[in-house]
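Engineer: Supplied structure: structure-v1.pdb, PDB, C-alpha atoms, pLDDT in the B column.
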MODEL        1
ATOM      1  CA  MET A  13     -16.572  22.155 -23.845  1.00 78.00           C
ATOM      2  CA  ALA A  14     -13.758  21.231 -21.452  1.00 92.00           C
ATOM      3  CA  VAL A  15     -14.573  21.092 -17.774  1.00 96.00           C
ATOM      4  CA  GLU A  16     -12.716  20.006 -14.668  1.00 96.00           C
ATOM      5  CA  VAL A  17     -14.036  16.859 -13.043  1.00 97.00           C
ATOM      6  CA  ARG A  18     -13.111  16.257  -9.418  1.00 94.00           C
ATOM      7  CA  VAL A  19     -13.581  12.825  -7.973  1.00 93.00           C
ATOM      8  CA  THR A  20     -13.210  11.511  -4.447  1.00 89.00           C
ATOM      9  CA  ALA A  21     -12.635   8.295  -2.633  1.00 86.00           C
ATOM     10  CA  ASN A  22     -11.870   5.166  -4.595  1.00 89.00           C
ATOM     11  CA  LEU A  23     -13.227   6.708  -7.795  1.00 91.00           C
ATOM     12  CA  GLN A  24      -9.761   8.240  -8.059  1.00 92.00           C
ATOM     13  CA  LYS A  25      -8.425   4.742  -8.634  1.00 91.00           C
ATOM     14  CA  LEU A  26     -10.593   4.487 -11.734  1.00 91.00           C
ATOM     15  CA  ILE A  27      -9.028   7.590 -13.280  1.00 93.00           C
ATOM     16  CA  GLY A  28      -5.451   6.545 -12.718  1.00 92.00           C
ATOM     17  CA  GLY A  29      -5.060   7.755  -9.149  1.00 93.00           C
ATOM     18  CA  GLN A  30      -5.719  11.406  -9.970  1.00 92.00           C
ATOM     19  CA  ARG A  31      -7.960  13.713  -7.940  1.00 90.00           C
ATOM     20  CA  SER A  32      -9.315  15.418 -11.030  1.00 93.00           C
ATOM     21  CA  LEU A  33      -9.232  15.282 -14.785  1.00 95.00           C
ATOM     22  CA  ARG A  34     -10.250  17.375 -17.775  1.00 96.00           C
ATOM     23  CA  ALA A  35     -13.062  16.024 -19.882  1.00 97.00           C
ATOM     24  CA  GLU A  36     -15.303  17.215 -22.655  1.00 96.00           C
ATOM     25  CA  GLY A  37     -19.054  17.372 -23.029  1.00 97.00           C
ATOM     26  CA  ALA A  38     -21.934  19.734 -23.647  1.00 97.00           C
ATOM     27  CA  THR A  39     -23.974  17.914 -20.999  1.00 97.00           C
ATOM     28  CA  VAL A  40     -23.215  15.760 -17.975  1.00 97.00           C
ATOM     29  CA  ARG A  41     -24.216  12.698 -20.021  1.00 97.00           C
ATOM     30  CA  GLU A  42     -21.672  13.537 -22.733  1.00 97.00           C
ATOM     31  CA  LEU A  43     -19.103  14.268 -20.068  1.00 97.00           C
ATOM     32  CA  LEU A  44     -19.542  10.828 -18.507  1.00 97.00           C
ATOM     33  CA  ASP A  45     -19.271   9.241 -21.962  1.00 96.00           C
ATOM     34  CA  ASN A  46     -16.055  11.144 -22.517  1.00 97.00           C
ATOM     35  CA  ILE A  47     -14.611  10.055 -19.155  1.00 97.00           C
ATOM     36  CA  GLU A  48     -15.563   6.469 -19.985  1.00 95.00           C
ATOM     37  CA  SER A  49     -13.620   6.683 -23.238  1.00 96.00           C
ATOM     38  CA  GLN A  50     -10.567   7.867 -21.312  1.00 95.00           C
ATOM     39  CA  HIS A  51     -11.011   5.510 -18.352  1.00 94.00           C
ATOM     40  CA  PRO A  52     -13.146   2.455 -19.150  1.00 91.00           C
ATOM     41  CA  GLY A  53     -15.163   1.282 -16.157  1.00 89.00           C
ATOM     42  CA  PHE A  54     -15.857   4.697 -14.676  1.00 92.00           C
ATOM     43  CA  GLN A  55     -19.361   5.005 -16.065  1.00 91.00           C
ATOM     44  CA  ASN A  56     -20.491   1.610 -14.829  1.00 88.00           C
ATOM     45  CA  THR A  57     -19.473   2.577 -11.336  1.00 90.00           C
ATOM     46  CA  VAL A  58     -21.478   5.791 -11.193  1.00 93.00           C
ATOM     47  CA  MET A  59     -24.451   4.803 -13.369  1.00 92.00           C
ATOM     48  CA  THR A  60     -26.981   1.998 -13.307  1.00 87.00           C
ATOM     49  CA  ASP A  61     -29.499   1.348 -16.091  1.00 87.00           C
ATOM     50  CA  GLY A  62     -28.696   4.628 -17.795  1.00 90.00           C
ATOM     51  CA  GLN A  63     -29.259   6.735 -14.678  1.00 92.00           C
ATOM     52  CA  ILE A  64     -26.946   8.114 -12.035  1.00 94.00           C
ATOM     53  CA  HIS A  65     -26.649   5.501  -9.356  1.00 92.00           C
ATOM     54  CA  ARG A  66     -28.827   6.291  -6.354  1.00 90.00           C
ATOM     55  CA  PHE A  67     -25.814   6.369  -4.065  1.00 91.00           C
ATOM     56  CA  VAL A  68     -23.662   8.601  -6.238  1.00 95.00           C
ATOM     57  CA  ASN A  69     -23.964  12.379  -6.190  1.00 95.00           C
ATOM     58  CA  ILE A  70     -22.823  14.518  -9.098  1.00 97.00           C
ATOM     59  CA  TYR A  71     -22.562  18.264  -8.634  1.00 97.00           C
ATOM     60  CA  LEU A  72     -22.219  21.038 -11.152  1.00 97.00           C
ATOM     61  CA  ASN A  73     -20.201  23.613  -9.273  1.00 95.00           C
ATOM     62  CA  ASP A  74     -22.097  23.456  -5.928  1.00 92.00           C
ATOM     63  CA  GLU A  75     -25.458  22.186  -7.159  1.00 95.00           C
ATOM     64  CA  ASP A  76     -26.607  18.574  -7.144  1.00 95.00           C
ATOM     65  CA  ILE A  77     -27.478  17.832 -10.768  1.00 96.00           C
ATOM     66  CA  ARG A  78     -30.624  16.007  -9.608  1.00 93.00           C
ATOM     67  CA  PHE A  79     -32.000  19.482  -8.962  1.00 94.00           C
ATOM     68  CA  LEU A  80     -30.751  20.841 -12.275  1.00 96.00           C
ATOM     69  CA  GLY A  81     -31.280  18.860 -15.476  1.00 95.00           C
ATOM     70  CA  GLN A  82     -30.031  15.476 -14.289  1.00 95.00           C
ATOM     71  CA  LEU A  83     -27.841  13.910 -16.997  1.00 97.00           C
ATOM     72  CA  ASP A  84     -29.014  16.537 -19.491  1.00 97.00           C
ATOM     73  CA  THR A  85     -27.626  19.372 -17.346  1.00 97.00           C
ATOM     74  CA  PRO A  86     -25.740  21.641 -19.766  1.00 97.00           C
ATOM     75  CA  LEU A  87     -22.095  22.437 -19.130  1.00 97.00           C
ATOM     76  CA  LYS A  88     -20.067  25.481 -19.995  1.00 96.00           C
ATOM     77  CA  GLU A  89     -16.372  26.198 -20.209  1.00 94.00           C
ATOM     78  CA  GLY A  90     -14.820  26.563 -16.773  1.00 93.00           C
ATOM     79  CA  ASP A  91     -17.453  24.540 -14.904  1.00 96.00           C
ATOM     80  CA  VAL A  92     -16.353  22.182 -12.167  1.00 96.00           C
ATOM     81  CA  VAL A  93     -18.130  18.857 -11.874  1.00 97.00           C
ATOM     82  CA  SER A  94     -17.678  16.830  -8.674  1.00 96.00           C
ATOM     83  CA  VAL A  95     -18.486  13.148  -8.359  1.00 96.00           C
ATOM     84  CA  LEU A  96     -18.947  11.775  -4.848  1.00 95.00           C
ATOM     85  CA  PRO A  97     -20.241   8.508  -3.511  1.00 94.00           C
ATOM     86  CA  ALA A  98     -23.091   9.089  -1.096  1.00 94.00           C
ATOM     87  CA  LEU A  99     -22.424   8.405   2.557  1.00 96.00           C
ATOM     88  CA  ALA A 100     -25.282   6.272   3.694  1.00 96.00           C
ATOM     89  CA  GLY A 101     -26.217   3.259   5.741  1.00 97.00           C
ATOM     90  CA  GLY A 102     -28.640   1.996   8.284  1.00 94.00           C
TER      91      GLY A 102
ATOM     92  CA  MET B  18      -4.990  -0.284  13.712  1.00 85.00           C
ATOM     93  CA  THR B  19      -5.818   1.878  16.698  1.00 94.00           C
ATOM     94  CA  LEU B  20      -7.809   5.017  16.029  1.00 97.00           C
ATOM     95  CA  ALA B  21      -6.724   7.856  18.299  1.00 97.00           C
ATOM     96  CA  LEU B  22      -9.455  10.415  18.945  1.00 98.00           C
ATOM     97  CA  PRO B  23      -9.713  13.338  21.343  1.00 98.00           C
ATOM     98  CA  GLN B  24     -12.063  12.464  24.192  1.00 98.00           C
ATOM     99  CA  HIS B  25     -14.237  15.451  23.318  1.00 98.00           C
ATOM    100  CA  TYR B  26     -14.884  13.948  19.852  1.00 98.00           C
ATOM    101  CA  LEU B  27     -16.291  10.859  21.561  1.00 98.00           C
ATOM    102  CA  ASP B  28     -18.400  13.089  23.791  1.00 98.00           C
ATOM    103  CA  GLN B  29     -19.570  15.132  20.804  1.00 98.00           C
ATOM    104  CA  MET B  30     -20.623  12.057  18.844  1.00 98.00           C
ATOM    105  CA  VAL B  31     -22.647  10.755  21.792  1.00 98.00           C
ATOM    106  CA  ALA B  32     -24.211  14.197  22.287  1.00 98.00           C
ATOM    107  CA  HIS B  33     -25.081  14.355  18.588  1.00 98.00           C
ATOM    108  CA  ALA B  34     -26.650  10.885  18.714  1.00 98.00           C
ATOM    109  CA  ARG B  35     -28.736  11.882  21.747  1.00 98.00           C
ATOM    110  CA  GLU B  36     -29.888  15.126  20.127  1.00 98.00           C
ATOM    111  CA  GLU B  37     -31.065  13.364  16.994  1.00 98.00           C
ATOM    112  CA  ALA B  38     -32.622  10.333  18.710  1.00 97.00           C
ATOM    113  CA  PRO B  39     -34.783   8.523  17.837  1.00 97.00           C
ATOM    114  CA  ASN B  40     -33.381   9.329  14.393  1.00 98.00           C
ATOM    115  CA  GLU B  41     -29.858   8.388  13.456  1.00 98.00           C
ATOM    116  CA  CYS B  42     -27.181  11.078  13.400  1.00 98.00           C
ATOM    117  CA  CYS B  43     -24.189  11.147  11.078  1.00 98.00           C
ATOM    118  CA  GLY B  44     -20.949  13.017  10.570  1.00 98.00           C
ATOM    119  CA  ILE B  45     -17.421  13.022   9.239  1.00 98.00           C
ATOM    120  CA  ILE B  46     -14.090  13.218  11.063  1.00 98.00           C
ATOM    121  CA  ALA B  47     -11.375  14.835   8.996  1.00 98.00           C
ATOM    122  CA  GLY B  48      -7.798  13.719   9.403  1.00 97.00           C
ATOM    123  CA  LYS B  49      -4.302  14.686   8.413  1.00 97.00           C
ATOM    124  CA  ASP B  50      -1.667  11.941   8.243  1.00 95.00           C
ATOM    125  CA  GLY B  51      -3.954   9.672  10.231  1.00 93.00           C
ATOM    126  CA  ARG B  52      -4.577  12.201  13.026  1.00 96.00           C
ATOM    127  CA  ALA B  53      -8.072  13.518  13.644  1.00 98.00           C
ATOM    128  CA  VAL B  54      -8.222  17.266  13.043  1.00 98.00           C
ATOM    129  CA  LYS B  55     -11.901  18.204  12.895  1.00 98.00           C
ATOM    130  CA  LEU B  56     -15.293  16.697  13.573  1.00 98.00           C
ATOM    131  CA  PHE B  57     -18.082  17.739  11.223  1.00 98.00           C
ATOM    132  CA  ARG B  58     -21.677  17.124  12.128  1.00 98.00           C
ATOM    133  CA  ALA B  59     -23.736  16.369   9.046  1.00 98.00           C
ATOM    134  CA  VAL B  60     -27.433  16.489   8.316  1.00 97.00           C
ATOM    135  CA  ASN B  61     -29.107  13.097   7.989  1.00 98.00           C
ATOM    136  CA  ALA B  62     -31.208  13.552   4.853  1.00 97.00           C
ATOM    137  CA  GLU B  63     -33.218  10.462   5.740  1.00 97.00           C
ATOM    138  CA  ALA B  64     -34.277  11.825   9.154  1.00 97.00           C
ATOM    139  CA  SER B  65     -34.977   8.215  10.091  1.00 97.00           C
ATOM    140  CA  PRO B  66     -34.431   5.902  13.069  1.00 97.00           C
ATOM    141  CA  PHE B  67     -33.314   3.200  10.648  1.00 97.00           C
ATOM    142  CA  ARG B  68     -31.363   4.906   7.897  1.00 97.00           C
ATOM    143  CA  TYR B  69     -28.922   7.705   7.374  1.00 98.00           C
ATOM    144  CA  SER B  70     -27.607   9.515   4.347  1.00 97.00           C
ATOM    145  CA  VAL B  71     -25.390  12.560   4.613  1.00 97.00           C
ATOM    146  CA  GLU B  72     -27.295  15.388   2.973  1.00 96.00           C
ATOM    147  CA  PRO B  73     -25.531  15.839  -0.399  1.00 94.00           C
ATOM    148  CA  LYS B  74     -24.874  19.575  -0.160  1.00 93.00           C
ATOM    149  CA  ASP B  75     -23.586  19.120   3.372  1.00 95.00           C
ATOM    150  CA  GLN B  76     -21.256  16.404   2.142  1.00 96.00           C
ATOM    151  CA  LEU B  77     -19.897  18.695  -0.587  1.00 95.00           C
ATOM    152  CA  ARG B  78     -19.455  21.547   1.919  1.00 95.00           C
ATOM    153  CA  ILE B  79     -17.439  19.279   4.226  1.00 96.00           C
ATOM    154  CA  LEU B  80     -15.407  17.908   1.314  1.00 94.00           C
ATOM    155  CA  HIS B  81     -14.510  21.415   0.160  1.00 92.00           C
ATOM    156  CA  GLU B  82     -13.354  22.427   3.628  1.00 95.00           C
ATOM    157  CA  CYS B  83     -11.251  19.276   3.832  1.00 94.00           C
ATOM    158  CA  GLN B  84      -9.745  19.845   0.380  1.00 90.00           C
ATOM    159  CA  ASN B  85      -8.928  23.456   1.208  1.00 92.00           C
ATOM    160  CA  HIS B  86      -6.947  22.291   4.239  1.00 96.00           C
ATOM    161  CA  GLY B  87      -5.426  19.174   2.703  1.00 93.00           C
ATOM    162  CA  TRP B  88      -7.406  16.903   5.037  1.00 96.00           C
ATOM    163  CA  ASP B  89      -8.731  13.432   4.331  1.00 94.00           C
ATOM    164  CA  HIS B  90     -11.900  11.772   5.511  1.00 96.00           C
ATOM    165  CA  LEU B  91     -10.448   9.769   8.403  1.00 97.00           C
ATOM    166  CA  ALA B  92     -13.708   8.380   9.745  1.00 98.00           C
ATOM    167  CA  PHE B  93     -17.450   8.466   9.272  1.00 98.00           C
ATOM    168  CA  TYR B  94     -19.802   8.168  12.206  1.00 98.00           C
ATOM    169  CA  HIS B  95     -23.466   7.443  12.653  1.00 98.00           C
ATOM    170  CA  SER B  96     -25.710   6.240  15.433  1.00 98.00           C
ATOM    171  CA  HIS B  97     -27.759   3.136  16.022  1.00 98.00           C
ATOM    172  CA  THR B  98     -30.448   4.285  18.382  1.00 96.00           C
ATOM    173  CA  ALA B  99     -31.942   0.902  19.195  1.00 96.00           C
ATOM    174  CA  SER B 100     -29.311  -1.642  18.223  1.00 96.00           C
ATOM    175  CA  GLN B 101     -25.714  -2.469  19.001  1.00 97.00           C
ATOM    176  CA  ALA B 102     -22.675  -0.531  17.820  1.00 98.00           C
ATOM    177  CA  TYR B 103     -21.840  -2.835  14.938  1.00 98.00           C
ATOM    178  CA  PRO B 104     -22.129  -2.294  11.167  1.00 98.00           C
ATOM    179  CA  SER B 105     -25.532  -3.399   9.888  1.00 97.00           C
ATOM    180  CA  PRO B 106     -25.899  -5.326   6.614  1.00 96.00           C
ATOM    181  CA  THR B 107     -27.020  -2.014   5.038  1.00 96.00           C
ATOM    182  CA  ASP B 108     -23.903  -0.259   6.330  1.00 97.00           C
ATOM    183  CA  ILE B 109     -21.732  -2.911   4.722  1.00 96.00           C
ATOM    184  CA  ARG B 110     -23.671  -3.035   1.446  1.00 94.00           C
ATOM    185  CA  LEU B 111     -23.548   0.733   0.940  1.00 95.00           C
ATOM    186  CA  ALA B 112     -19.826   0.867   1.692  1.00 96.00           C
ATOM    187  CA  PHE B 113     -19.339  -0.783  -1.712  1.00 94.00           C
ATOM    188  CA  THR B 114     -19.857   0.443  -5.248  1.00 90.00           C
ATOM    189  CA  PRO B 115     -22.680  -1.199  -7.176  1.00 83.00           C
ATOM    190  CA  GLU B 116     -21.855  -4.364  -9.022  1.00 77.00           C
ATOM    191  CA  VAL B 117     -20.542  -3.782 -12.520  1.00 68.00           C
ATOM    192  CA  PRO B 118     -23.020  -5.171 -15.090  1.00 63.00           C
ATOM    193  CA  GLY B 119     -21.725  -8.391 -16.539  1.00 68.00           C
ATOM    194  CA  LYS B 120     -19.147  -8.714 -13.791  1.00 72.00           C
ATOM    195  CA  PRO B 121     -20.969 -10.219 -10.823  1.00 71.00           C
ATOM    196  CA  GLY B 122     -19.175  -9.857  -7.547  1.00 73.00           C
ATOM    197  CA  GLU B 123     -16.918  -7.111  -8.854  1.00 78.00           C
ATOM    198  CA  ARG B 124     -17.442  -4.323  -6.394  1.00 87.00           C
ATOM    199  CA  MET B 125     -14.964  -2.060  -4.654  1.00 90.00           C
ATOM    200  CA  LEU B 126     -15.099  -0.154  -1.414  1.00 94.00           C
ATOM    201  CA  TRP B 127     -15.905   3.509  -1.872  1.00 94.00           C
ATOM    202  CA  TRP B 128     -13.665   4.528   1.021  1.00 94.00           C
ATOM    203  CA  PRO B 129     -11.141   1.732   1.578  1.00 93.00           C
ATOM    204  CA  ASP B 130      -9.078   3.628   4.146  1.00 93.00           C
ATOM    205  CA  ALA B 131     -11.852   5.036   6.317  1.00 96.00           C
ATOM    206  CA  TYR B 132     -12.915   3.999   9.792  1.00 98.00           C
ATOM    207  CA  TRP B 133     -16.620   3.541  10.398  1.00 98.00           C
ATOM    208  CA  ILE B 134     -17.641   4.665  13.875  1.00 98.00           C
ATOM    209  CA  ILE B 135     -20.974   3.667  15.333  1.00 98.00           C
ATOM    210  CA  VAL B 136     -22.538   5.173  18.450  1.00 98.00           C
ATOM    211  CA  SER B 137     -25.119   2.912  20.061  1.00 98.00           C
ATOM    212  CA  LEU B 138     -27.831   4.280  22.311  1.00 98.00           C
ATOM    213  CA  GLU B 139     -29.358   0.851  22.792  1.00 97.00           C
ATOM    214  CA  ASP B 140     -28.638   1.260  26.505  1.00 97.00           C
ATOM    215  CA  ALA B 141     -29.514   4.943  26.851  1.00 92.00           C
ATOM    216  CA  ASP B 142     -27.533   5.400  30.065  1.00 95.00           C
ATOM    217  CA  ASN B 143     -24.451   3.665  28.728  1.00 97.00           C
ATOM    218  CA  PRO B 144     -23.771   4.759  25.160  1.00 98.00           C
ATOM    219  CA  VAL B 145     -21.204   2.680  23.323  1.00 98.00           C
ATOM    220  CA  VAL B 146     -18.818   4.008  20.656  1.00 98.00           C
ATOM    221  CA  ARG B 147     -16.922   1.503  18.516  1.00 98.00           C
ATOM    222  CA  ALA B 148     -14.829   1.792  15.370  1.00 98.00           C
ATOM    223  CA  PHE B 149     -14.550  -0.630  12.459  1.00 98.00           C
ATOM    224  CA  ARG B 150     -13.050  -1.105   9.089  1.00 98.00           C
ATOM    225  CA  ILE B 151     -15.032  -2.726   6.329  1.00 97.00           C
ATOM    226  CA  LEU B 152     -12.710  -4.969   4.354  1.00 96.00           C
ATOM    227  CA  PRO B 153     -12.693  -5.578   0.579  1.00 93.00           C
ATOM    228  CA  ASP B 154     -14.300  -9.007   1.068  1.00 93.00           C
ATOM    229  CA  GLY B 155     -17.155  -7.486   3.108  1.00 94.00           C
ATOM    230  CA  ALA B 156     -15.799  -8.677   6.449  1.00 96.00           C
ATOM    231  CA  VAL B 157     -15.797  -6.298   9.399  1.00 98.00           C
ATOM    232  CA  SER B 158     -12.746  -5.679  11.540  1.00 98.00           C
ATOM    233  CA  GLU B 159     -13.124  -3.898  14.852  1.00 98.00           C
ATOM    234  CA  GLU B 160     -10.436  -1.332  15.577  1.00 98.00           C
ATOM    235  CA  GLU B 161      -9.552  -0.019  18.999  1.00 98.00           C
ATOM    236  CA  ILE B 162     -10.392   3.586  19.807  1.00 98.00           C
ATOM    237  CA  ARG B 163      -7.808   5.305  21.986  1.00 97.00           C
ATOM    238  CA  ALA B 164      -9.251   8.372  23.672  1.00 97.00           C
ATOM    239  CA  GLU B 165      -6.728  11.155  24.150  1.00 93.00           C
TER     240      GLU B 165
ENDMDL
END
Would you mind writing the file's structure down as structure tokens?

Structural biologist:
Amino acid sequence: MAVEVRVTANLQKLIGGQRSLRAEGATVRELLDNIESQHPGFQNTVMTDGQIHRFVNIYLNDEDIRFLGQLDTPLKEGDVVSVLPALAGG
Amino acid sequence: MTLALPQHYLDQMVAHAREEAPNECCGIIAGKDGRAVKLFRAVNAEASPFRYSVEPKDQLRILHECQNHGWDHLAFYHSHTASQAYPSPTDIRLAFTPEVPGKPGERMLWWPDAYWIIVSLEDADNPVVRAFRILPDGAVSEEEIRAE
């Protein structure tokens, strides 16, 4: 299952300066594993202790995957996954 | 580096801060080649006087509009309703990625090129707007705002 993954901000640096890449996976978890195999270090930046980092948002098309199936959210051909750092502070 | 902003952006940020007070407000200023082109108000998902977090769907909406126009995120703004216009320790901490396991101290800035604008309502009659950069070592550098 190949999907387009769009990343923003300095995450682009971790995928070789691109704005997006193609990656494979039947779920978001598999997708992140696949990106990690292409670009080591990516997964550790967006995940902590096996979960999506609290200050990272991952969207399937326009939906936050926290409100879908989290890391088990299924993917289908043609989906667009976006990975954004949260904008937060105090 | 000086950040040039239309005067009405400064006015809009102060107005936004006042409308949301005592909670913090937040928003994004889009830019093209370093010039501000649009101010987006965002929803503070925390709805808190002490914290802000751009509501995730709002953030994606703003990102899409910026991508469609070829704009960058020039600056992010938020308010401090009862403290000075200076990045808090939380602001600085959350500007960085989490530490990579096994590599203590290895963190990078999420948005290395962005300005961080803070509107202070500490003195309600005299709001203060200041701009900063957060540097890779965690230091804060104040940048001049030039109103146009």

Engineer: Identify all residues satisfying the PyMOL selection byres ((chain A) within 6 of (chain B)) in the given file; provide them as a PyMOL selection string.

Structural biologist: chain A and resi 21-22+56+99-102

Engineer: Can you turn the PyMOL selection byres ((chain A and resi 57) around 12) into a concrete residue list for this file, as a JSON list (two decimals) with C-alpha atoms, in the frame of the given file?

Structural biologist:
[["chain", "number", "residue", "atom", "x", "y", "z"],
["A", 22, "ASN", "CA", -11.87, 5.17, -4.60],
["A", 23, "LEU", "CA", -13.23, 6.71, -7.80],
["A", 24, "GLN", "CA", -9.76, 8.24, -8.06],
["A", 25, "LYS", "CA", -8.43, 4.74, -8.63],
["A", 26, "LEU", "CA", -10.59, 4.49, -11.73],
["A", 27, "ILE", "CA", -9.03, 7.59, -13.28],
["A", 44, "LEU", "CA", -19.54, 10.83, -18.51],
["A", 47, "ILE", "CA", -14.61, 10.06, -19.16],
["A", 48, "GLU", "CA", -15.56, 6.47, -19.98],
["A", 51, "HIS", "CA", -11.01, 5.51, -18.35],
["A", 52, "PRO", "CA", -13.15, 2.46, -19.15],
["A", 53, "GLY", "CA", -15.16, 1.28, -16.16],
["A", 54, "PHE", "CA", -15.86, 4.70, -14.68],
["A", 55, "GLN", "CA", -19.36, 5.00, -16.07],
["A", 56, "ASN", "CA", -20.49, 1.61, -14.83],
["A", 58, "VAL", "CA", -21.48, 5.79, -11.19],
["A", 59, "MET", "CA", -24.45, 4.80, -13.37],
["A", 60, "THR", "CA", -26.98, 2.00, -13.31],
["A", 61, "ASP", "CA", -29.50, 1.35, -16.09],
["A", 62, "GLY", "CA", -28.70, 4.63, -17.80],
["A", 63, "GLN", "CA", -29.26, 6.74, -14.68],
["A", 64, "ILE", "CA", -26.95, 8.11, -12.04],
["A", 65, "HIS", "CA", -26.65, 5.50, -9.36],
["A", 66, "ARG", "CA", -28.83, 6.29, -6.35],
["A", 67, "PHE", "CA", -25.81, 6.37, -4.07],
["A", 68, "VAL", "CA", -23.66, 8.60, -6.24],
["A", 69, "ASN", "CA", -23.96, 12.38, -6.19],
["A", 95, "VAL", "CA", -18.49, 13.15, -8.36],
["A", 96, "LEU", "CA", -18.95, 11.78, -4.85],
["A", 97, "PRO", "CA", -20.24, 8.51, -3.51],
["B", 113, "PHE", "CA", -19.34, -0.78, -1.71],
["B", 114, "THR", "CA", -19.86, 0.44, -5.25],
["B", 115, "PRO", "CA", -22.68, -1.20, -7.18],
["B", 116, "GLU", "CA", -21.86, -4.36, -9.02],
["B", 117, "VAL", "CA", -20.54, -3.78, -12.52],
["B", 118, "PRO", "CA", -23.02, -5.17, -15.09],
["B", 120, "LYS", "CA", -19.15, -8.71, -13.79],
["B", 123, "GLU", "CA", -16.92, -7.11, -8.85],
["B", 124, "ARG", "CA", -17.44, -4.32, -6.39],
["B", 125, "MET", "CA", -14.96, -2.06, -4.65],
["B", 126, "LEU", "CA", -15.10, -0.15, -1.41],
["B", 127, "TRP", "CA", -15.90, 3.51, -1.87]]

Engineer: Give me the result of the PyMOL selection byres ((chain B and resi 100) around 10) on this file, residue by residue, as a tab-separated table (two decimals) with C-alpha atoms, in the frame of the given file.

Structural biologist:
chain	number	residue	atom	x	y	z
B	67	PHE	CA	-33.31	3.20	10.65
B	96	SER	CA	-25.71	6.24	15.43
B	97	HIS	CA	-27.76	3.14	16.02
B	98	THR	CA	-30.45	4.28	18.38
B	99	ALA	CA	-31.94	0.90	19.20
B	101	GLN	CA	-25.71	-2.47	19.00
B	102	ALA	CA	-22.68	-0.53	17.82
B	103	TYR	CA	-21.84	-2.84	14.94
B	105	SER	CA	-25.53	-3.40	9.89
B	136	VAL	CA	-22.54	5.17	18.45
B	137	SER	CA	-25.12	2.91	20.06
B	138	LEU	CA	-27.83	4.28	22.31
B	139	GLU	CA	-29.36	0.85	22.79
B	140	ASP	CA	-28.64	1.26	26.50

Engineer: Could you tell me how far atom CA of A:Lys88 lies from atom CA of A:Thr39, in Å and to one decimal?

Structural biologist: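 If I compute the distance from atom CA of A:Lys88 to atom CA of A:Thr39, I get 8.6 Å.
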
Engineer: Would you mind telling me which residue in B:Ala141, B:Ala21, B:Met30, B:Ala38 lies nearest to B:Arg58 when using only C-alpha atoms?

Structural biologist: B:Met30

Engineer: Calculate, to one decimal in Å, the centre and edge lengths of the box along x, y and z of the file that holds all listed atoms of stretch 76-80 of chain B with 4 Å of margin on each side, and present them as JSON.

Structural biologist:
{"center_x": -18.3, "center_y": 19.0, "center_z": 1.8, "size_x": 13.8, "size_y": 13.1, "size_z": 12.8}

Engineer: Interatomic distance between atom CA of A:Leu43 and atom CA of A:Glu16?

Structural biologist: 10.1 Å

Engineer: Please provide as a list in words all residues within 12 Å of A:Phe79, with the sequence filter that same-chain residues fewer than 4 positions apart are discarded (counting all atoms listed in the file).

Structural biologist: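 So, after excluding close chain neighbours, the residues are Asn69, Ile70, Tyr71, Leu72, Asp74, Glu75, Leu83, Asp84 and Thr85 of chain A; Pro73 and Lys74 of chain B.
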
Engineer: Using only C-alpha atoms, find the one residue out of B:Ala64, B:Ile46, B:Ile134, B:Val146 that sits nearest to B:Val31.

Structural biologist: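 Of B:Ala64, B:Ile46, B:Ile134, B:Val146, the one nearest B:Val31 is B:Val146, counting only C-alpha atoms.
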
Engineer: So what do you get for atom CA of B:Asp75 versus atom CA of A:Leu87, distance-wise?

Structural biologist: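 Distance between the two atoms: 22.8 Å.
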